[in-house]
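Structure data (CSV, C-alpha atoms) from upload_36.csv:
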```csv
chain,number,residue,atom,x,y,z
A,5,VAL,CA,0.0,0.0,0.0
A,6,ILE,CA,1.4,3.4,-1.1
A,7,PRO,CA,0.6,6.2,1.3
A,8,SER,CA,-1.6,8.9,-0.1
A,9,LEU,CA,1.0,11.6,0.5
A,10,THR,CA,3.6,9.9,-1.6
A,11,GLY,CA,4.4,11.9,-4.7
A,12,PRO,CA,4.7,10.5,-8.3
A,13,HIS,CA,8.5,10.6,-8.2
A,14,GLU,CA,8.5,8.4,-5.1
A,15,ILE,CA,6.0,6.1,-6.6
A,16,ALA,CA,8.2,5.7,-9.7
A,17,ASP,CA,11.2,4.9,-7.5
A,18,ILE,CA,9.2,2.2,-5.6
A,19,LEU,CA,7.9,0.6,-8.8
A,20,GLU,CA,11.4,0.6,-10.4
A,21,THR,CA,13.1,-0.9,-7.3
A,22,PHE,CA,14.9,-4.1,-8.3
A,23,VAL,CA,15.3,-6.9,-5.8
A,24,ALA,CA,18.1,-9.2,-6.7
A,25,THR,CA,18.0,-12.9,-6.0
A,26,PRO,CA,20.6,-14.3,-3.5
A,27,GLU,CA,22.2,-16.2,-6.3
A,28,GLY,CA,22.4,-13.1,-8.5
A,29,THR,CA,23.8,-11.0,-5.7
A,30,ALA,CA,26.5,-13.6,-4.8
A,31,LEU,CA,27.5,-14.0,-8.4
A,32,ALA,CA,27.8,-10.2,-8.9
A,33,TYR,CA,29.8,-9.6,-5.7
A,34,GLY,CA,32.0,-12.6,-6.4
A,35,SER,CA,32.7,-11.5,-9.9
A,36,LEU,CA,33.5,-7.9,-8.8
A,37,VAL,CA,36.0,-9.2,-6.2
A,38,PHE,CA,37.6,-11.5,-8.8
A,39,MET,CA,37.9,-8.7,-11.4
A,40,ALA,CA,39.4,-6.4,-8.8
A,41,LEU,CA,42.1,-8.9,-8.0
A,42,LEU,CA,43.2,-9.4,-11.6
A,43,PRO,CA,44.7,-5.9,-12.3
A,44,ILE,CA,46.3,-5.7,-8.8
A,45,PHE,CA,48.1,-9.1,-9.2
A,46,PHE,CA,49.2,-8.8,-12.8
A,47,GLY,CA,49.8,-5.0,-12.5
A,48,ALA,CA,52.1,-5.5,-9.5
A,49,LEU,CA,54.1,-8.2,-11.4
A,50,ARG,CA,54.5,-5.9,-14.4
A,51,SER,CA,55.5,-3.0,-12.2
A,52,VAL,CA,58.7,-4.8,-11.2
A,53,SER,CA,60.1,-4.7,-14.7
A,54,CYS,CA,58.3,-1.7,-16.3
A,55,GLY,CA,61.1,0.7,-15.1
A,56,LYS,CA,63.6,-1.1,-17.4
A,57,SER,CA,61.7,-0.3,-20.6
A,58,LYS,CA,63.2,2.2,-23.0
A,59,ASN,CA,59.8,3.4,-24.3
A,60,SER,CA,58.7,6.7,-22.7
A,61,SER,CA,55.1,5.4,-22.5
A,62,ASP,CA,56.2,2.5,-20.3
A,63,MET,CA,58.2,4.6,-17.8
A,64,PRO,CA,56.5,4.7,-14.4
A,65,GLU,CA,55.3,7.9,-12.8
A,66,THR,CA,56.6,8.4,-9.2
A,67,ILE,CA,54.1,9.7,-6.6
A,68,THR,CA,55.8,11.8,-3.9
A,69,GLY,CA,54.6,12.7,-0.5
A,70,ARG,CA,53.5,16.1,-1.7
A,71,ASP,CA,51.5,14.5,-4.5
A,72,ALA,CA,49.8,12.1,-2.1
A,73,ALA,CA,48.8,14.9,0.3
A,74,ARG,CA,47.3,17.0,-2.6
A,75,PHE,CA,45.6,14.1,-4.3
A,76,PRO,CA,42.4,13.9,-2.0
A,77,ILE,CA,42.0,17.7,-2.4
A,78,ILE,CA,42.3,17.6,-6.2
A,79,ALA,CA,40.0,14.6,-6.3
A,80,SER,CA,37.4,16.3,-4.2
A,81,CYS,CA,37.4,19.4,-6.4
A,82,THR,CA,37.1,17.3,-9.5
A,83,LEU,CA,34.3,15.2,-8.0
A,84,PHE,CA,32.3,18.2,-6.8
A,85,GLY,CA,32.9,20.0,-10.1
A,86,LEU,CA,31.3,17.0,-11.9
A,87,TYR,CA,28.5,17.1,-9.4
A,88,LEU,CA,27.8,20.7,-10.2
A,89,PHE,CA,27.9,20.0,-13.9
A,90,PHE,CA,25.2,17.4,-13.5
A,91,LYS,CA,23.0,18.8,-10.8
A,92,VAL,CA,23.3,22.5,-10.0
A,93,SER,CA,20.7,24.6,-11.7
A,94,ILE,CA,20.6,28.0,-13.2
A,95,ILE,CA,19.4,30.6,-10.7
A,96,THR,CA,15.9,31.1,-12.1
A,97,PRO,CA,12.5,30.7,-10.5
A,98,PRO,CA,11.6,27.0,-10.7
A,99,PRO,CA,8.7,25.9,-12.8
A,100,PRO,CA,5.6,24.5,-11.1
A,101,CYS,CA,6.3,21.1,-9.6
A,102,PRO,CA,3.6,18.4,-9.6
A,103,CYS,CA,4.7,17.3,-6.2
A,104,ILE,CA,2.8,19.0,-3.4
A,105,THR,CA,4.9,17.8,-0.5
A,106,CYS,CA,8.4,17.9,-2.0
A,107,PHE,CA,10.8,20.3,-3.6
A,108,CYS,CA,12.2,18.4,-6.5
A,109,PRO,CA,15.7,19.0,-7.8
A,110,GLU,CA,14.4,17.9,-11.2
A,111,SER,CA,12.3,21.1,-11.4
A,112,PHE,CA,15.5,23.1,-12.0
A,113,PRO,CA,17.1,23.1,-15.5
A,114,ALA,CA,20.7,21.9,-15.6
A,115,ILE,CA,23.5,24.3,-16.5
A,116,PHE,CA,25.0,21.8,-19.0
A,117,SER,CA,23.3,19.0,-20.8
A,118,GLN,CA,24.2,15.7,-19.3
A,119,GLU,CA,24.1,14.1,-22.7
A,120,TYR,CA,26.7,16.5,-24.1
A,121,ILE,CA,29.0,16.0,-21.1
A,122,ASN,CA,28.9,12.3,-21.4
A,123,LEU,CA,29.5,12.4,-25.1
A,124,LEU,CA,32.6,14.5,-24.6
A,125,LEU,CA,33.8,12.2,-21.8
A,126,SER,CA,33.0,9.1,-23.9
A,127,MET,CA,35.3,10.3,-26.8
A,128,TYR,CA,38.0,11.1,-24.3
A,129,PHE,CA,37.9,7.7,-22.7
A,130,PHE,CA,37.5,6.1,-26.1
A,131,VAL,CA,41.0,7.2,-27.0
A,132,LEU,CA,42.5,6.5,-23.6
A,133,GLY,CA,40.8,3.1,-23.5
A,134,ILE,CA,42.2,2.0,-26.8
A,135,LEU,CA,45.8,2.9,-25.8
A,136,ALA,CA,45.4,1.3,-22.3
A,137,LEU,CA,43.9,-1.9,-23.7
A,138,SER,CA,46.5,-2.1,-26.4
A,139,HIS,CA,49.3,-1.8,-23.8
A,140,THR,CA,47.6,-4.4,-21.6
A,141,MET,CA,47.3,-6.9,-24.4
A,142,SER,CA,50.9,-6.5,-25.7
A,143,PRO,CA,52.6,-9.1,-23.4
A,144,PHE,CA,50.0,-11.7,-24.2
A,145,MET,CA,50.2,-11.0,-27.9
A,146,ASN,CA,54.0,-11.6,-27.7
A,147,ARG,CA,53.4,-15.2,-26.4
A,148,ILE,CA,50.7,-16.2,-28.9
A,149,PHE,CA,51.9,-14.4,-32.0
A,150,PRO,CA,52.9,-17.0,-34.8
A,151,ALA,CA,56.6,-17.2,-35.3
A,152,ASN,CA,56.4,-17.6,-39.1
A,153,ILE,CA,54.8,-14.1,-39.5
A,154,PRO,CA,57.5,-11.4,-40.1
A,155,ILE,CA,57.6,-8.7,-37.5
A,156,LYS,CA,58.4,-5.1,-38.6
A,157,GLN,CA,59.8,-2.5,-36.1
A,158,TYR,CA,58.5,1.0,-35.9
A,159,GLN,CA,59.5,4.1,-33.9
A,160,LEU,CA,57.5,7.2,-33.0
A,161,LEU,CA,60.0,10.0,-32.0
A,162,PHE,CA,59.2,13.6,-31.1
A,163,THR,CA,62.0,16.0,-30.1
A,164,GLN,CA,62.1,19.6,-29.1
A,165,GLY,CA,64.9,22.0,-30.1
A,166,SER,CA,67.9,21.3,-32.2
A,167,GLY,CA,71.6,20.7,-31.9
A,168,GLU,CA,72.9,20.4,-28.3
A,169,THR,CA,69.6,21.7,-26.9
A,170,LYS,CA,67.6,18.9,-28.6
A,171,GLU,CA,65.4,17.3,-26.1
A,172,GLU,CA,63.5,14.0,-26.5
A,173,MET,CA,59.8,14.4,-25.7
A,174,VAL,CA,58.4,11.0,-26.9
A,175,ASN,CA,60.2,7.9,-27.9
A,176,TYR,CA,57.9,5.0,-28.5
A,177,GLU,CA,59.0,1.8,-30.2
A,178,PHE,CA,56.4,-0.7,-31.4
A,179,ASP,CA,56.1,-3.5,-33.9
A,180,THR,CA,53.5,-5.5,-35.9
A,181,LYS,CA,52.2,-7.2,-32.8
A,182,ASP,CA,51.5,-3.8,-31.2
A,183,MET,CA,49.6,-2.7,-34.3
A,184,ILE,CA,47.4,-5.8,-34.1
A,185,CYS,CA,46.7,-5.0,-30.4
A,186,LEU,CA,45.7,-1.5,-31.5
A,187,VAL,CA,43.3,-2.8,-34.1
A,188,ILE,CA,41.6,-5.2,-31.6
A,189,SER,CA,41.4,-2.4,-29.0
A,190,THR,CA,39.8,-0.1,-31.5
A,191,VAL,CA,37.1,-2.6,-32.2
A,192,VAL,CA,36.4,-2.9,-28.5
A,193,GLY,CA,36.3,0.9,-28.3
A,194,VAL,CA,33.8,1.2,-31.2
A,195,TRP,CA,31.7,-1.4,-29.5
A,196,TYR,CA,31.7,0.6,-26.3
A,197,ILE,CA,30.8,3.9,-27.9
A,198,LEU,CA,27.9,2.4,-29.9
A,199,LYS,CA,26.4,0.0,-27.4
A,200,LYS,CA,27.8,1.0,-24.0
A,201,HIS,CA,27.8,-2.7,-23.2
A,202,TRP,CA,29.0,-3.7,-19.8
A,203,ILE,CA,31.5,-6.2,-21.1
A,204,ALA,CA,33.2,-3.5,-23.2
A,205,ASN,CA,33.1,-1.2,-20.1
A,206,ASN,CA,34.8,-3.9,-18.0
A,207,LEU,CA,37.5,-4.5,-20.7
A,208,PHE,CA,38.4,-0.8,-20.6
A,209,GLY,CA,38.1,-0.6,-16.9
A,210,LEU,CA,40.4,-3.6,-16.3
A,211,ALA,CA,42.9,-2.1,-18.7
A,212,PHE,CA,42.9,1.3,-16.9
A,213,ALA,CA,43.3,-0.4,-13.5
A,214,LEU,CA,46.2,-2.6,-14.6
A,215,ASN,CA,48.0,0.2,-16.3
A,216,GLY,CA,47.5,2.4,-13.2
A,217,VAL,CA,49.0,-0.3,-10.8
A,218,GLU,CA,51.8,-0.9,-13.2
A,219,LEU,CA,52.8,2.7,-14.1
A,220,LEU,CA,52.1,4.6,-10.8
A,221,HIS,CA,54.8,4.0,-8.3
A,222,LEU,CA,54.9,5.2,-4.7
A,223,ASN,CA,58.4,6.4,-3.7
A,224,ASN,CA,58.2,5.1,-0.2
A,225,ILE,CA,55.9,3.6,2.5
A,226,SER,CA,55.1,6.9,4.2
A,227,THR,CA,53.8,8.3,0.9
A,228,GLY,CA,51.5,5.3,0.7
A,229,CYS,CA,50.3,5.9,4.2
A,230,ILE,CA,49.5,9.5,3.4
A,231,LEU,CA,47.7,8.6,0.3
A,232,LEU,CA,45.6,5.8,1.8
A,233,GLY,CA,44.8,7.9,4.9
A,234,GLY,CA,43.7,10.9,2.9
A,235,LEU,CA,41.5,8.9,0.6
A,236,PHE,CA,40.0,7.1,3.6
A,237,VAL,CA,38.7,10.5,4.8
A,238,TYR,CA,37.8,11.4,1.2
A,239,ASP,CA,35.6,8.3,0.9
A,240,VAL,CA,33.9,8.6,4.2
A,241,PHE,CA,32.9,12.2,3.5
A,242,TRP,CA,31.8,12.0,-0.1
A,243,VAL,CA,30.1,8.5,0.1
A,244,PHE,CA,28.6,8.5,3.5
A,245,GLY,CA,28.4,12.2,4.4
A,246,THR,CA,26.8,13.4,1.1
A,247,ASN,CA,25.1,12.0,-2.0
A,248,VAL,CA,27.8,13.5,-4.3
A,249,MET,CA,29.7,10.4,-5.1
A,250,VAL,CA,26.5,8.3,-5.7
A,251,THR,CA,25.1,11.0,-7.9
A,252,VAL,CA,28.2,11.4,-10.1
A,253,ALA,CA,28.7,7.6,-10.3
A,254,LYS,CA,25.1,7.2,-11.5
A,255,SER,CA,25.3,10.0,-14.0
A,256,PHE,CA,28.8,9.5,-15.3
A,257,GLU,CA,28.9,7.3,-18.4
A,258,ALA,CA,32.6,6.3,-18.6
A,259,PRO,CA,34.6,3.1,-18.0
A,260,ILE,CA,35.8,4.3,-14.6
A,261,LYS,CA,34.1,1.4,-12.8
A,262,LEU,CA,33.7,-2.3,-13.0
A,263,VAL,CA,30.1,-3.5,-13.3
A,264,PHE,CA,28.5,-6.9,-13.2
A,265,PRO,CA,24.7,-7.6,-13.6
A,266,GLN,CA,22.7,-8.9,-10.7
A,267,ASP,CA,20.1,-10.2,-13.0
A,268,LEU,CA,22.5,-12.1,-15.3
A,269,LEU,CA,20.9,-15.4,-14.4
A,270,GLU,CA,17.4,-14.1,-15.5
A,271,LYS,CA,18.3,-12.0,-18.5
A,272,GLY,CA,21.7,-13.2,-19.7
A,273,LEU,CA,24.0,-10.7,-21.4
A,274,GLY,CA,21.2,-8.3,-21.8
A,275,ALA,CA,20.9,-7.7,-18.1
A,276,SER,CA,20.6,-4.1,-16.9
A,277,GLN,CA,20.7,-4.2,-13.0
A,278,PHE,CA,24.4,-3.7,-12.1
A,279,ALA,CA,26.6,-3.9,-9.1
A,280,MET,CA,29.5,-1.6,-9.4
A,281,LEU,CA,33.0,-1.1,-8.0
A,282,GLY,CA,35.0,2.1,-8.7
A,283,LEU,CA,38.5,1.8,-10.2
A,284,GLY,CA,39.8,3.9,-7.3
A,285,ASP,CA,39.1,1.0,-4.9
A,286,ILE,CA,41.4,-1.1,-7.1
A,287,VAL,CA,44.2,1.2,-8.3
A,288,ILE,CA,44.9,3.0,-5.0
A,289,PRO,CA,45.4,-0.1,-2.9
A,290,GLY,CA,47.0,-1.8,-5.9
A,291,ILE,CA,49.9,0.7,-6.2
A,292,PHE,CA,50.6,0.1,-2.4
A,293,ILE,CA,50.6,-3.6,-2.9
A,294,ALA,CA,52.9,-3.3,-6.0
A,295,LEU,CA,55.3,-1.3,-3.9
A,296,LEU,CA,55.5,-4.1,-1.4
A,297,LEU,CA,56.1,-6.6,-4.2
A,298,ARG,CA,59.0,-4.5,-5.5
A,299,PHE,CA,60.4,-4.5,-1.9
A,300,ASP,CA,60.1,-8.3,-1.7
A,301,VAL,CA,62.0,-8.6,-5.0
A,302,SER,CA,64.7,-6.2,-3.7
A,303,LEU,CA,65.4,-8.5,-0.8
A,304,LYS,CA,66.4,-11.2,-3.3
A,305,LYS,CA,64.7,-14.0,-1.4
A,306,ASN,CA,62.4,-16.7,-2.6
A,307,THR,CA,59.6,-15.6,-0.5
A,308,ARG,CA,57.1,-12.8,-1.1
A,309,THR,CA,55.9,-12.3,2.5
A,310,TYR,CA,54.9,-8.6,2.3
A,311,PHE,CA,53.1,-9.0,-1.1
A,312,HIS,CA,51.2,-12.1,-0.1
A,313,THR,CA,50.2,-10.6,3.3
A,314,SER,CA,49.0,-7.3,1.7
A,315,PHE,CA,47.2,-9.1,-1.1
A,316,LEU,CA,45.3,-11.4,1.3
A,317,ALA,CA,44.5,-8.4,3.6
A,318,TYR,CA,43.1,-6.5,0.6
A,319,ILE,CA,40.7,-9.4,-0.2
A,320,PHE,CA,39.6,-9.3,3.5
A,321,GLY,CA,39.1,-5.5,3.4
A,322,LEU,CA,37.2,-5.5,0.1
A,323,GLY,CA,35.0,-8.4,1.3
A,324,LEU,CA,34.3,-6.7,4.6
A,325,THR,CA,33.4,-3.5,2.7
A,326,ILE,CA,30.9,-5.3,0.5
A,327,TRP,CA,29.4,-7.1,3.4
A,328,VAL,CA,28.9,-3.8,5.4
A,329,MET,CA,27.4,-2.0,2.4
A,330,HIS,CA,25.1,-4.9,1.5
A,331,THR,CA,24.0,-5.3,5.2
A,332,PHE,CA,23.3,-1.6,5.9
A,333,LYS,CA,22.1,-0.8,2.4
A,334,HIS,CA,24.4,2.3,2.0
A,335,ALA,CA,25.9,3.7,-1.2
A,336,GLN,CA,23.0,2.2,-3.1
A,337,VAL,CA,20.8,3.9,-5.6
A,338,ARG,CA,17.6,2.9,-7.3
A,339,GLY,CA,17.2,2.5,-10.9
A,340,THR,CA,19.4,0.9,-13.6
A,341,ASP,CA,22.5,0.8,-11.4
A,342,SER,CA,21.4,-0.8,-8.2
A,343,GLN,CA,24.7,-0.8,-6.3
A,344,VAL,CA,27.3,2.0,-6.2
A,345,LYS,CA,30.4,0.9,-4.2
A,346,GLY,CA,32.7,3.3,-2.5
A,347,SER,CA,35.2,1.4,-0.3
A,348,PRO,CA,36.7,3.4,2.5
A,349,LEU,CA,37.5,0.3,4.4
A,350,CYS,CA,39.6,-1.2,1.6
A,351,ARG,CA,41.3,2.2,1.0
A,352,LEU,CA,42.1,2.6,4.7
A,353,GLY,CA,44.1,-0.6,4.0
A,354,TRP,CA,43.7,-3.6,6.2
A,355,TYR,CA,46.7,-4.8,4.3
A,356,GLN,CA,48.5,-1.6,5.4
A,357,LEU,CA,47.7,-2.2,9.1
A,358,VAL,CA,48.7,-5.9,8.9
A,359,VAL,CA,51.9,-5.3,7.0
A,360,LEU,CA,53.0,-2.4,9.2
A,361,SER,CA,52.4,-4.5,12.3
A,362,LEU,CA,55.1,-7.0,11.2
A,363,SER,CA,58.3,-6.7,13.0
A,364,SER,CA,61.4,-5.3,11.4
A,365,PHE,CA,59.4,-3.8,8.5
A,366,PRO,CA,61.8,-1.5,6.7
A,367,ALA,CA,60.9,1.9,5.3
A,368,CYS,CA,61.8,2.2,1.7
A,369,LEU,CA,63.5,5.0,0.0
A,370,ALA,CA,63.2,5.0,-3.8
A,371,ILE,CA,66.0,6.8,-5.6
A,372,PRO,CA,65.2,7.8,-9.2
A,373,GLY,CA,66.5,5.3,-11.7
A,374,PRO,CA,66.2,1.6,-12.4
A,375,SER,CA,67.6,0.7,-8.9
A,376,LEU,CA,65.7,0.8,-5.6
A,377,TYR,CA,67.5,1.2,-2.3
A,378,TRP,CA,65.8,0.1,0.9
A,379,ILE,CA,66.8,1.6,4.2
A,380,PRO,CA,65.7,0.0,7.5
A,381,ILE,CA,63.9,2.0,10.1
A,382,GLY,CA,66.1,3.0,13.0
A,383,CYS,CA,69.3,3.4,11.1
A,384,SER,CA,71.6,6.2,12.2
A,385,SER,CA,72.7,8.9,9.8
A,386,VAL,CA,76.0,7.1,9.4
A,387,GLU,CA,74.3,3.8,8.7
A,388,ARG,CA,72.0,5.5,6.2
A,389,ARG,CA,74.9,7.0,4.3
A,390,THR,CA,76.6,3.6,4.3
A,391,ASN,CA,73.5,1.9,3.0
```
Is it possible to give me this structure as structure tokens?
Amino acid sequence: VIPSLTGPHEIADILETFVATPEGTALAYGSLVFMALLPIFFGALRSVSCGKSKNSSDMPETITGRDAARFPIIASCTLFGLYLFFKVSIITPPPPCPCITCFCPESFPAIFSQEYINLLLSMYFFVLGILALSHTMSPFMNRIFPANIPIKQYQLLFTQGSGETKEEMVNYEFDTKDMICLVISTVVGVWYILKKHWIANNLFGLAFALNGVELLHLNNISTGCILLGGLFVYDVFWVFGTNVMVTVAKSFEAPIKLVFPQDLLEKGLGASQFAMLGLGDIVIPGIFIALLLRFDVSLKKNTRTYFHTSFLAYIFGLGLTIWVMHTFKHAQVRGTDSQVKGSPLCRLGWYQLVVLSLSSFPACLAIPGPSLYWIPIGCSSVERRTN
């Protein structure tokens, strides 16, 4: 029975509410966790060797402590700016609203058309997605490419200046296999632009996440703590304190999230009720886990203690986050996208707390270049210079 004071907008929301079956929910959540682990695991492995590449596009970007401290502020400004684009109205008298008991935000005209914004963003991510997916596929193509097909080498070189002042801006070497990857990625990109299919979205999303974990390097542990702590506060405020994150995630049509349908068992590949996981909940913890793997490698031992510990703790943190949000029904919206996940618990880093609790954990100091030098906590200034 719908109360008599309920307006037409609330009635529409009630009628459109989708209740997933336990099997569909379990399949969606399990698939999201599995997809989240793939770019972290393989991205961390690839981050160990990416610094040795001669291609400028494969060189890692180092995140400093100052970058980590500013990142939550920049992300907050960007997020709120997108929210304003989508929701804030022109200051004009609102037209009559059919709802007697409510003041509907829909009664205000938007400053910018959501359709045009999403079209612009779709073209932007179309180009980025092709490049990211091509870079992701390249190592796999090297293994399956037939040996009897000739491989031609190409080089894309951009320089600035001349003579002794000549400076290399872009130096990208590629071959026939990379061209094939680019063609395949373009096909996926066209599929995404035309259909916005969730599988194409996930292919681009996984590529973005893997490249982020591989190419974004923290310079030391303290930077990782600053980044994770700042984004923990960022998530708590924007997800639980306001509806900004949920609104942007619902309105933003771009492959910046992994999705999986909760009604897949009922509707197959044409399903439309999705559970979602933002790429930030994958990339941000992933670059910290990748740092720990590089530290394990630098120890030149056969064990990967810190990597395995942090990886298992991430699984625990993400699983706990999903359980909390499913139990308390928070960060959920009605309509086509039934779940919007923001994961402050996994960004706070159960893996970080577990790893830092291990005895004799060293702080790491990354010196620019292909080599990494690791200095234990508690060393005197003389010992640090010796190390």
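Nearest to Asp285 of chain A of all the residues A:Val301, A:Cys54, A:Cys185, A:Leu235 is A:Leu235, based on all atoms listed in the file.
As for atom CA of Pro64 of chain A and atom CA of Leu214 of chain A, they are spaced 12.6 Å apart.
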**Request:** Write out as a PyMOL selection string each polymer residue whose atoms come within 9 Å of Met127 of chain A, counting all atoms listed in the file; drop sequence neighbours fewer than 5 positions from it.
**Result:** chain A and resi 122+132+197
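Candidate residues A:Gly284, A:Gly209, A:Pro154, A:Gly323 were compared for distance to Ala258 of chain A, and the nearest is A:Gly209, using all atoms listed in the file.
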**Prompt:** Residues at most 10 Å from Phe292 of chain A, counting only C-alpha atoms, excluding those fewer than 5 positions away in the same chain, as a list in words?
**Reply:** Ile44, Ala48, Val217, Leu220, His221, Leu222, Asn224, Ile225, Thr227, Gly228, Cys229, Leu231, Leu232, Val287, Leu297, Phe311, Ser314, Phe315, Gly353, Tyr355 and Gln356 of chain A
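Distances to Tyr128 of chain A were evaluated for A:Val187, A:Arg50, A:Pro259, A:Glu177 using only C-alpha atoms, and the minimum falls at A:Pro259.
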**Prompt:** Which neighbours of Leu210 of chain A fall inside 12 Å, counting all atoms listed in the file, when residues of the same chain fewer than 3 positions from it are skipped, and could you give them as number ranges by chain?
**Reply:** A: 36, 38-47, 133, 136-141, 202-207, 213-217, 259-263, 281-284, 286-287
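The spacing separating atom CA of Ser142 of chain A from atom CA of Met63 of chain A amounts to 15.5 Å.
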**Prompt:** At what distance in Å, to one decimal, does atom CA of Lys200 of chain A lie from atom CA of Met280 of chain A?
**Reply:** 14.9 Å
**Prompt:** Which residue out of A:Phe320, A:Phe208, A:Pro265, A:Asn306 has the minimum interatomic distance to Gln277 of chain A when all atoms listed in the file are used?
**Reply:** A:Pro265
